[in-house]
Structure formats: C-alpha cells, structure tokens
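Comments concern the structure below.
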Amino acid sequence: MKSKEEFVHSVFESIAPKYDLMNNVLSFRQHKYWRRFTMKKMNVQEGQTAIDLCCGTCDWTISLAQKSKTGPIVGLDFSQHMLDYGAIKVNELNLQKQITLVQGNAMSLPYEDNSFDFATIGFGLRNVPDLQQVIREMQRVVKPGGKIVCLELSKPTWEPFKSLYYFYFQKVLPLLGKLIVKRYEQYKWLPESLIQFPDHKQLAEIFRVQGLTEVEAIPLTGGIAALHVGVKAK
Ligand SMILES: C[S@@+](CC[C@H](N)C(=O)[O-])C[C@H]1O[C@@H](n2cnc3c(N)ncnc32)[C@H](O)[C@@H]1O
C-alpha cells in the first residue's frame with residue numbers, strides 16, 4: 001500500500017499535461033473567479049515576497065509575481081512534471097527572473113524563519129499528509145505580520161445544493177476524468193480527498209489553534225470552495 005504522499009505524487013505526475021484544461025472543465029471555470037477574489041483580498045503591494053506551496057502549474061504563483069511586480073516569488077511543488085508545465089507559462093510571460101520554481105515538500109520548507117510576506121497554498125492542503133504541519137511551516141517562513149492564505153475546496157452547507165453537488169463531485173466528475181483524459185482513479189481521488197478534510201469553520205479553528213491571528217474564513221460559490229487568511233502575530 002502506497003503512502004498518501006506517494007499516491008498523491010503519482011496522481012499529479014500523471015495528470016500534469018491536462019491539469020489546466022481539467023480545472024476549467026470540472027469547475028465550470030469557477031476556479032478563475034475564486035483566484036481573482038483571493039488576489040483582491042490579499043492586496044499584494046509592489047515588492048512584496050511570497051512562497052506559493054503546492055504551486056502545480058503556477059497560476060497563483062504567476063498572479064503573485066504580476067501583482068508584486070518586483071518582489072521575488074517562490075513556487076514550490078513536489079511534482080516535477082507539474083512544475084515543468086508551470087515553467088512553460090512562467091517563461092512565456094518572461095517572469096523567470098522574478099519566479100523561482102523549487103521541487104520540494106510542503107511538509108518541510110527549505111527556507112529560514114521570517115522570509116516572506118505571504119505563504120499561499122491553492123488546492124494543496126487537502127492533499128498533504130499532515131495539514132497542521134504544513135500550516136506550521138507556512139507560519140514559520142512568513143515574517144511577523146505576514147499572511148498565510150489558503151484557497152481550497154470545501155464542503156457546501158446549503159442542503160438542496162449539497163446533494164446535487166455531491167452527486168456531481170462523487171459520481172460525474174471521475175467519469176469526466178475518464179472520458180476526457182482517460183484518468184478515472186486520479187479524478188476519483190478528488191472527492192475522496194475532501195471526506196477527511198475539515199469544513200471551513202473547522203479549518204479556521206485549526207488556523208487559530210496554530211496561533212494565527214485575525215483569521216478569516218470565506219465560503220465561495222455556496223461553500224464548494226473557501227478562502228482562509230491568517231496573520232502571523234508580530
Ligand atoms: C490540485 S494541485 C494545485 C496546483 C495549484 N496550486 C493550483 O492552484 O492550481 C495540488 C498540487 O499540490 C502538489 N502537492 C501535493 N502534496 C504536496 C506536498 N506534500 N509537497 C509539495 N507539493 C505537493 C501536487 O503535486 C499538485 O501540483
């Protein structure tokens with residue numbers, strides 16, 4: 001039996017070429033709205049620095065670099081194949097001087113304490129073996145007053161929508177994965193990964209227990225995604 005980490009790694013190595021396409025199809029392009037909302041909420045200033053954990057194909061990493069304009073931005077992921085596709089986009093936008101892509105594990109960041117203004121994680125926290133450890137690492141590497149920002153799938157709360165959504169998410173979505181990119185097991189992982197994951201209120205509580213302050217939890221699109229922000233105490 002593979003560990004969760006090995007399994008998740010194999011999933012993303014396998015789906016990397018079609019990851020961006022499938023994100024658009026499976027979320028009906030909602031992820032674009034969630035990302036725009038998140039960037040607005042973060043209000044990144046020129047020259048600020050960030051580390052984007054589980055950066056995958058670098059959508060968020062690129063937005064951070066474009067907003068910061070001059071601040072160094074790190075994108076970290078353990079799947080080299082995902083990073084390779086991200087690097088193509090980074091190079092096309094001529095951002096390779098500002099963005100450093102690193103193959104590494106979110107559970108143990110190769111950076112010193114108090115290094116960045118922001119630590120972000122997009123659709124990654126669900127995938128890691130110990131989410132509290134990852135939040136601790138994010139908190140460690142941001143400067144006092146810096147922000148930890150998590151954009152992640154979550155659990156819808158409104159009953160009629162909930163049943164319809166779970167039917168789509170658990171039954172239809174893996175079939176679309178099979179039909180469009182011939183990857184059933186990999187897309188079956190998506191609903192499975194949400195089962196053990198805390199809902200938006202529980203995740204906010206985990207942020208607080210870890211010592212983060214000014215914690216905000218914002219459900220998006222009926223709660224199927226959520227944005228969490230916490231500030232490292234000064
Ligand atoms: C669903 S993708 C999200 C990619 C990107 N952040 C986005 O917003 O589209 C999850 C990513 O997390 C990475 N990942 C999962 N567990 C990881 C870990 N322990 N350390 C580093 N990366 C990890 C996967 O390789 C994958 O690229």
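Each chain in the structure tokens gets a letter, A, B, ..., in the order shown, and its residues are numbered from 1; ligands are numbered from 1 in order too.
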
As a short mmCIF file (atom, residue, chain, number, x, y, z; two decimals) with C-alpha atoms, in the first residue's frame, please: every residue in range 41-223 of chain A that a backbone DSSP assignment puts in strand (DSSP E).
data_model
loop_
_atom_site.label_atom_id
_atom_site.label_comp_id
_atom_site.auth_asym_id
_atom_site.auth_seq_id
_atom_site.Cartn_x
_atom_site.Cartn_y
_atom_site.Cartn_z
CA ALA A 50 5.65 35.19 -1.39
CA ILE A 51 6.06 31.44 -1.35
CA ASP A 52 3.31 29.52 -3.14
CA LEU A 53 3.18 25.97 -1.78
CA ILE A 73 8.25 34.82 -5.63
CA VAL A 74 8.88 31.12 -4.97
CA GLY A 75 6.68 28.34 -6.35
CA LEU A 76 7.22 25.01 -4.58
CA ASP A 77 5.79 21.63 -5.53
CA ILE A 99 9.86 33.50 -10.01
CA THR A 100 11.98 30.65 -8.65
CA LEU A 101 10.45 27.20 -9.02
CA VAL A 102 11.57 24.65 -6.45
CA GLN A 103 10.91 20.95 -6.23
CA PHE A 116 8.30 36.02 3.12
CA ASP A 117 5.37 38.47 3.28
CA PHE A 118 2.92 35.76 2.20
CA ALA A 119 2.74 31.98 2.20
CA THR A 120 -0.04 30.68 -0.03
CA ILE A 121 -1.44 27.23 -0.78
CA GLY A 122 -4.01 26.64 -3.52
CA VAL A 142 6.38 34.26 6.88
CA LYS A 143 7.55 37.42 8.59
CA PRO A 144 5.73 38.65 11.72
CA GLY A 145 2.62 40.42 10.39
CA GLY A 146 2.82 38.31 7.21
CA LYS A 147 -0.16 36.33 5.91
CA ILE A 148 -0.95 32.67 5.42
CA VAL A 149 -3.52 32.24 2.67
CA CYS A 150 -5.29 29.03 1.73
CA LEU A 151 -7.69 28.63 -1.18
CA GLU A 152 -9.20 25.16 -1.11
CA LEU A 153 -12.24 23.09 -1.98
CA THR A 213 -4.47 35.92 14.37
CA GLU A 214 -7.19 37.87 12.50
CA VAL A 215 -8.35 34.59 10.96
CA GLU A 216 -10.95 34.93 8.21
CA ALA A 217 -12.84 32.07 6.54
CA ILE A 218 -14.83 32.99 3.44
CA PRO A 219 -17.01 30.35 1.73
CA LEU A 220 -17.16 30.71 -2.07
#

Neighbour list for Phe207 in chain A as a PyMOL selection string, cut-off 8 Å, only C-alpha atoms, skip fewer than 5 positions in-chain: chain A and resi 135+212+215+230

Just to be explicit: take each residue in the selection above, keep N, CA and C atoms, and write the result as a PDB file, in the first residue's frame.
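Ended up saving to again-v2.pdb:
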ATOM      1  N   ILE A 135       0.671  24.031   7.852  1.00  0.00           N
ATOM      2  CA  ILE A 135       0.319  25.375   8.343  1.00  0.00           C
ATOM      3  C   ILE A 135       1.434  25.907   9.255  1.00  0.00           C
ATOM      4  N   LEU A 212      -2.372  31.605  14.671  1.00  0.00           N
ATOM      5  CA  LEU A 212      -2.586  32.689  13.703  1.00  0.00           C
ATOM      6  C   LEU A 212      -3.650  33.651  14.239  1.00  0.00           C
ATOM      7  N   VAL A 215      -7.998  35.665  11.911  1.00  0.00           N
ATOM      8  CA  VAL A 215      -8.352  34.588  10.964  1.00  0.00           C
ATOM      9  C   VAL A 215      -9.697  34.881  10.290  1.00  0.00           C
ATOM     10  N   GLY A 230      -4.883  34.042   7.572  1.00  0.00           N
ATOM     11  CA  GLY A 230      -4.465  34.239   8.966  1.00  0.00           C
ATOM     12  C   GLY A 230      -3.186  35.065   8.980  1.00  0.00           C
TER      13      GLY A 230
END

List the neighbours of Asp59 in chain A out to 10 Å using only C-alpha atoms; skip same-chain residues closer than 4 positions along the sequence, and give me the result as a ChimeraX atom specification. /A:20,32,35,52,55,63-64,75,86,89-90,122

Protein and nucleic residues near ligand 1, 8 Å, only C-alpha atoms and all ligand atoms, as a compact mmCIF listing (two decimals) with all heavy atoms, in the first residue's frame:
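And here's selection.txt as it stands now:
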# COMPACT_ATOMS: atom_id res chain seq x y z
N GLU A 5 1.28 10.32 0.55
CA GLU A 5 2.20 11.21 -0.15
C GLU A 5 2.62 10.62 -1.50
O GLU A 5 2.58 11.30 -2.53
CB GLU A 5 3.42 11.44 0.73
CG GLU A 5 4.08 12.77 0.48
CD GLU A 5 5.06 13.09 1.61
OE1 GLU A 5 5.95 12.28 1.88
OE2 GLU A 5 4.92 14.15 2.20
N VAL A 8 -0.45 10.65 -3.90
CA VAL A 8 -0.75 12.00 -4.41
C VAL A 8 0.30 12.42 -5.44
O VAL A 8 -0.03 12.97 -6.50
CB VAL A 8 -0.81 13.02 -3.23
CG1 VAL A 8 -0.83 14.45 -3.74
CG2 VAL A 8 -2.05 12.76 -2.38
N HIS A 9 1.55 12.10 -5.15
CA HIS A 9 2.62 12.44 -6.08
C HIS A 9 2.37 11.76 -7.44
O HIS A 9 2.44 12.39 -8.49
CB HIS A 9 3.97 12.02 -5.49
CG HIS A 9 5.13 12.39 -6.35
ND1 HIS A 9 5.74 11.51 -7.22
CD2 HIS A 9 5.78 13.56 -6.51
CE1 HIS A 9 6.71 12.12 -7.86
NE2 HIS A 9 6.76 13.37 -7.45
N VAL A 11 -0.46 10.76 -8.65
CA VAL A 11 -1.65 11.36 -9.29
C VAL A 11 -1.23 12.59 -10.11
O VAL A 11 -1.55 12.71 -11.29
CB VAL A 11 -2.72 11.77 -8.24
CG1 VAL A 11 -3.77 12.71 -8.84
CG2 VAL A 11 -3.39 10.55 -7.63
N PHE A 12 -0.47 13.51 -9.49
CA PHE A 12 -0.16 14.76 -10.17
C PHE A 12 0.88 14.59 -11.26
O PHE A 12 0.82 15.27 -12.30
CB PHE A 12 0.18 15.86 -9.17
CG PHE A 12 -1.07 16.32 -8.46
CD1 PHE A 12 -1.38 15.89 -7.19
CD2 PHE A 12 -1.98 17.14 -9.12
CE1 PHE A 12 -2.56 16.26 -6.57
CE2 PHE A 12 -3.17 17.52 -8.51
CZ PHE A 12 -3.45 17.08 -7.22
N GLU A 13 1.81 13.67 -11.09
CA GLU A 13 2.75 13.37 -12.17
C GLU A 13 1.97 12.90 -13.40
O GLU A 13 2.28 13.25 -14.53
CB GLU A 13 3.73 12.27 -11.74
CG GLU A 13 4.81 12.74 -10.81
CD GLU A 13 5.86 13.62 -11.49
OE1 GLU A 13 6.49 13.17 -12.46
OE2 GLU A 13 6.03 14.77 -11.07
N ALA A 16 -0.55 15.94 -14.98
CA ALA A 16 0.06 17.26 -15.24
C ALA A 16 -0.26 17.84 -16.63
O ALA A 16 -0.66 19.00 -16.74
CB ALA A 16 1.57 17.20 -15.02
N TYR A 19 -3.81 19.16 -16.59
CA TYR A 19 -4.30 19.74 -15.33
C TYR A 19 -5.08 21.04 -15.56
O TYR A 19 -6.20 21.21 -15.06
CB TYR A 19 -3.14 19.96 -14.35
CG TYR A 19 -3.59 20.63 -13.08
CD1 TYR A 19 -4.21 19.91 -12.06
CD2 TYR A 19 -3.44 22.01 -12.90
CE1 TYR A 19 -4.65 20.53 -10.90
CE2 TYR A 19 -3.88 22.64 -11.75
CZ TYR A 19 -4.49 21.90 -10.75
OH TYR A 19 -4.94 22.52 -9.61
N ASP A 20 -4.53 21.95 -16.33
CA ASP A 20 -5.19 23.26 -16.53
C ASP A 20 -6.52 23.10 -17.26
O ASP A 20 -7.52 23.71 -16.88
CB ASP A 20 -4.27 24.21 -17.33
CG ASP A 20 -3.10 24.69 -16.48
OD1 ASP A 20 -3.13 24.49 -15.25
OD2 ASP A 20 -2.16 25.27 -17.05
N ASN A 23 -9.10 21.64 -14.89
CA ASN A 23 -9.54 22.62 -13.89
C ASN A 23 -10.69 23.46 -14.44
O ASN A 23 -11.67 23.73 -13.76
CB ASN A 23 -8.39 23.58 -13.57
CG ASN A 23 -7.77 23.28 -12.23
OD1 ASN A 23 -8.21 22.39 -11.53
ND2 ASN A 23 -6.74 24.03 -11.89
N ASP A 52 4.56 30.17 -2.77
CA ASP A 52 3.31 29.52 -3.14
C ASP A 52 3.53 28.01 -3.07
O ASP A 52 4.19 27.43 -3.94
CB ASP A 52 2.93 29.97 -4.57
CG ASP A 52 1.59 29.41 -5.01
OD1 ASP A 52 0.75 29.11 -4.14
OD2 ASP A 52 1.39 29.28 -6.25
N LEU A 53 2.99 27.41 -2.00
CA LEU A 53 3.18 25.97 -1.78
C LEU A 53 2.24 25.19 -2.69
O LEU A 53 1.12 25.65 -2.96
CB LEU A 53 2.84 25.61 -0.33
CG LEU A 53 3.92 25.74 0.72
CD1 LEU A 53 4.40 27.17 0.85
CD2 LEU A 53 3.38 25.26 2.06
N CYS A 54 2.66 24.00 -3.08
CA CYS A 54 1.85 23.13 -3.94
C CYS A 54 1.43 23.92 -5.18
O CYS A 54 0.26 23.91 -5.58
CB CYS A 54 0.63 22.61 -3.19
SG CYS A 54 1.05 21.65 -1.72
N CYS A 55 2.38 24.62 -5.77
CA CYS A 55 2.08 25.62 -6.82
C CYS A 55 1.63 24.97 -8.12
O CYS A 55 1.03 25.64 -8.96
CB CYS A 55 3.30 26.50 -7.07
SG CYS A 55 4.69 25.59 -7.79
N GLY A 56 1.90 23.68 -8.32
CA GLY A 56 1.43 22.97 -9.52
C GLY A 56 1.88 23.67 -10.78
O GLY A 56 3.07 23.91 -11.00
N THR A 57 0.92 24.03 -11.63
CA THR A 57 1.24 24.65 -12.92
C THR A 57 1.28 26.18 -12.81
O THR A 57 1.19 26.89 -13.81
CB THR A 57 0.24 24.21 -14.00
OG1 THR A 57 -1.09 24.55 -13.54
CG2 THR A 57 0.30 22.72 -14.26
N CYS A 58 1.40 26.68 -11.60
CA CYS A 58 1.83 28.07 -11.32
C CYS A 58 0.82 29.19 -11.57
O CYS A 58 1.24 30.36 -11.65
CB CYS A 58 3.12 28.40 -12.07
SG CYS A 58 4.50 27.38 -11.58
N ASP A 59 -0.47 28.91 -11.66
CA ASP A 59 -1.43 30.01 -11.88
C ASP A 59 -1.31 31.08 -10.77
O ASP A 59 -1.23 32.27 -11.06
CB ASP A 59 -2.87 29.48 -11.90
CG ASP A 59 -3.25 28.95 -13.27
OD1 ASP A 59 -2.38 28.96 -14.17
OD2 ASP A 59 -4.41 28.51 -13.43
N TRP A 60 -1.34 30.61 -9.52
CA TRP A 60 -1.31 31.57 -8.40
C TRP A 60 0.07 32.22 -8.30
O TRP A 60 0.19 33.42 -8.07
CB TRP A 60 -1.70 30.87 -7.09
CG TRP A 60 -2.17 31.78 -6.01
CD1 TRP A 60 -2.15 33.16 -6.02
CD2 TRP A 60 -2.73 31.41 -4.75
NE1 TRP A 60 -2.68 33.64 -4.84
CE2 TRP A 60 -3.04 32.60 -4.04
CE3 TRP A 60 -3.02 30.17 -4.15
CZ2 TRP A 60 -3.61 32.58 -2.77
CZ3 TRP A 60 -3.59 30.16 -2.88
CH2 TRP A 60 -3.88 31.36 -2.20
N LEU A 76 6.65 26.29 -5.05
CA LEU A 76 7.22 25.01 -4.58
C LEU A 76 6.20 23.89 -4.77
O LEU A 76 5.01 24.06 -4.46
CB LEU A 76 7.59 25.13 -3.10
CG LEU A 76 8.14 23.88 -2.42
CD1 LEU A 76 9.31 24.23 -1.49
CD2 LEU A 76 7.06 23.13 -1.64
N ASP A 77 6.67 22.78 -5.32
CA ASP A 77 5.79 21.63 -5.53
C ASP A 77 6.65 20.37 -5.54
O ASP A 77 7.84 20.44 -5.88
CB ASP A 77 5.07 21.75 -6.88
CG ASP A 77 3.81 20.89 -6.93
OD1 ASP A 77 3.94 19.65 -7.05
OD2 ASP A 77 2.69 21.45 -6.87
N PHE A 78 6.07 19.22 -5.15
CA PHE A 78 6.90 18.00 -5.20
C PHE A 78 6.78 17.25 -6.52
O PHE A 78 7.50 16.28 -6.73
CB PHE A 78 6.72 17.12 -3.97
CG PHE A 78 5.41 16.38 -3.79
CD1 PHE A 78 4.39 16.42 -4.72
CD2 PHE A 78 5.22 15.62 -2.64
CE1 PHE A 78 3.21 15.73 -4.53
CE2 PHE A 78 4.04 14.92 -2.42
CZ PHE A 78 3.04 14.98 -3.38
N SER A 79 5.88 17.70 -7.40
CA SER A 79 5.77 17.04 -8.70
C SER A 79 6.55 17.83 -9.76
O SER A 79 6.16 18.93 -10.15
CB SER A 79 4.30 16.94 -9.12
OG SER A 79 4.19 16.70 -10.50
N GLN A 80 7.64 17.24 -10.23
CA GLN A 80 8.46 17.92 -11.23
C GLN A 80 7.67 18.12 -12.53
O GLN A 80 7.82 19.13 -13.22
CB GLN A 80 9.75 17.12 -11.50
CG GLN A 80 10.75 17.83 -12.40
CD GLN A 80 11.17 19.20 -11.86
OE1 GLN A 80 11.54 19.32 -10.69
NE2 GLN A 80 11.10 20.24 -12.68
N MET A 82 4.43 18.70 -12.87
CA MET A 82 3.56 19.88 -12.72
C MET A 82 4.41 21.15 -12.85
O MET A 82 4.03 22.10 -13.56
CB MET A 82 2.86 19.87 -11.35
CG MET A 82 1.80 18.79 -11.18
SD MET A 82 0.30 19.04 -12.16
CE MET A 82 -0.64 20.14 -11.13
N LEU A 83 5.57 21.16 -12.20
CA LEU A 83 6.45 22.34 -12.26
C LEU A 83 6.90 22.60 -13.70
O LEU A 83 7.01 23.76 -14.12
CB LEU A 83 7.69 22.13 -11.38
CG LEU A 83 7.48 22.22 -9.87
CD1 LEU A 83 8.76 21.82 -9.13
CD2 LEU A 83 7.06 23.62 -9.44
N GLN A 103 11.52 22.24 -6.54
CA GLN A 103 10.91 20.95 -6.23
C GLN A 103 11.16 20.66 -4.76
O GLN A 103 12.32 20.59 -4.32
CB GLN A 103 11.49 19.83 -7.10
CG GLN A 103 10.69 18.56 -6.91
CD GLN A 103 11.32 17.35 -7.56
OE1 GLN A 103 12.51 17.33 -7.84
NE2 GLN A 103 10.51 16.33 -7.77
N GLY A 104 10.08 20.56 -3.98
CA GLY A 104 10.25 20.37 -2.54
C GLY A 104 8.95 19.92 -1.92
O GLY A 104 7.90 19.87 -2.58
N ASN A 105 9.04 19.60 -0.63
CA ASN A 105 7.87 19.09 0.09
C ASN A 105 7.30 20.18 1.00
O ASN A 105 8.04 20.78 1.80
CB ASN A 105 8.28 17.86 0.90
CG ASN A 105 7.07 17.04 1.30
OD1 ASN A 105 6.01 17.59 1.63
ND2 ASN A 105 7.21 15.74 1.25
N ALA A 106 5.99 20.39 0.89
CA ALA A 106 5.32 21.42 1.70
C ALA A 106 5.42 21.12 3.20
O ALA A 106 5.26 22.00 4.03
CB ALA A 106 3.85 21.51 1.29
N MET A 107 5.71 19.87 3.53
CA MET A 107 5.80 19.46 4.95
C MET A 107 7.08 19.96 5.61
O MET A 107 7.18 19.99 6.83
CB MET A 107 5.78 17.93 5.04
CG MET A 107 4.52 17.29 4.48
SD MET A 107 3.21 17.33 5.67
CE MET A 107 3.84 16.15 6.85
N ILE A 121 -1.27 28.63 -0.37
CA ILE A 121 -1.44 27.23 -0.78
C ILE A 121 -2.79 27.10 -1.47
O ILE A 121 -3.83 27.42 -0.87
CB ILE A 121 -1.25 26.25 0.41
CG1 ILE A 121 -1.30 24.80 -0.07
CG2 ILE A 121 -2.24 26.50 1.54
CD1 ILE A 121 -0.68 23.80 0.91
N GLY A 122 -2.79 26.71 -2.73
CA GLY A 122 -4.01 26.64 -3.52
C GLY A 122 -4.36 25.21 -3.88
O GLY A 122 -3.61 24.55 -4.61
N PHE A 123 -5.46 24.71 -3.36
CA PHE A 123 -5.94 23.36 -3.66
C PHE A 123 -4.86 22.32 -3.35
O PHE A 123 -4.73 21.31 -4.05
CB PHE A 123 -6.42 23.27 -5.12
CG PHE A 123 -7.35 24.39 -5.48
CD1 PHE A 123 -6.92 25.49 -6.24
CD2 PHE A 123 -8.65 24.40 -5.01
CE1 PHE A 123 -7.76 26.55 -6.52
CE2 PHE A 123 -9.51 25.45 -5.29
CZ PHE A 123 -9.06 26.53 -6.05
N GLY A 124 -4.10 22.61 -2.30
CA GLY A 124 -2.99 21.74 -1.92
C GLY A 124 -3.15 21.14 -0.54
O GLY A 124 -2.76 20.00 -0.29
N LEU A 125 -3.76 21.90 0.37
CA LEU A 125 -3.81 21.47 1.77
C LEU A 125 -4.55 20.13 1.95
O LEU A 125 -4.22 19.33 2.81
CB LEU A 125 -4.48 22.57 2.61
CG LEU A 125 -4.12 22.62 4.09
CD1 LEU A 125 -2.62 22.69 4.32
CD2 LEU A 125 -4.80 23.81 4.78
N ASN A 127 -4.33 17.74 0.07
CA ASN A 127 -3.51 16.65 -0.47
C ASN A 127 -2.35 16.23 0.42
O ASN A 127 -1.73 15.21 0.17
CB ASN A 127 -2.94 17.09 -1.82
CG ASN A 127 -3.99 17.13 -2.89
OD1 ASN A 127 -4.55 16.11 -3.26
ND2 ASN A 127 -4.30 18.32 -3.39
N VAL A 128 -2.03 17.04 1.43
CA VAL A 128 -0.82 16.76 2.21
C VAL A 128 -1.11 15.77 3.35
O VAL A 128 -2.25 15.67 3.81
CB VAL A 128 -0.20 18.07 2.78
CG1 VAL A 128 0.19 19.00 1.66
CG2 VAL A 128 -1.14 18.74 3.76
N PRO A 129 -0.10 15.03 3.82
CA PRO A 129 -0.35 14.03 4.87
C PRO A 129 -0.69 14.63 6.23
O PRO A 129 -1.38 14.01 7.02
CB PRO A 129 0.96 13.25 4.95
CG PRO A 129 1.92 13.86 4.03
CD PRO A 129 1.26 14.96 3.27
N LEU A 151 -6.49 28.75 -0.35
CA LEU A 151 -7.69 28.63 -1.18
C LEU A 151 -7.87 27.13 -1.43
O LEU A 151 -6.95 26.46 -1.91
CB LEU A 151 -7.48 29.39 -2.51
CG LEU A 151 -8.60 29.32 -3.53
CD1 LEU A 151 -9.91 29.86 -2.99
CD2 LEU A 151 -8.20 30.10 -4.81

Please provide as a VMD selection string all residues within 9 Å of Leu26 in chain A, with the sequence filter that same-chain residues fewer than 3 positions apart are discarded (counting only C-alpha atoms). chain A and resid 21 to 23 29 to 30 169 173 176 to 177

With C-alpha atoms retained, write the just-selected residues as a PDB file, in the first residue's frame.
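In the end it all went to selection22.pdb:
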ATOM      1  CA  LEU A  21      -7.752  22.031 -19.063  1.00  0.00           C
ATOM      2  CA  MET A  22      -9.462  19.829 -16.474  1.00  0.00           C
ATOM      3  CA  ASN A  23      -9.543  22.625 -13.888  1.00  0.00           C
ATOM      4  CA  ARG A  29     -14.217  27.903 -14.799  1.00  0.00           C
ATOM      5  CA  GLN A  30     -15.252  28.851 -11.228  1.00  0.00           C
ATOM      6  CA  PHE A 169     -18.489  15.657  -7.450  1.00  0.00           C
ATOM      7  CA  LEU A 173     -16.564  14.180 -12.076  1.00  0.00           C
ATOM      8  CA  LEU A 176     -15.465  13.106 -16.892  1.00  0.00           C
ATOM      9  CA  GLY A 177     -11.833  12.454 -15.908  1.00  0.00           C
TER      10      GLY A 177
END
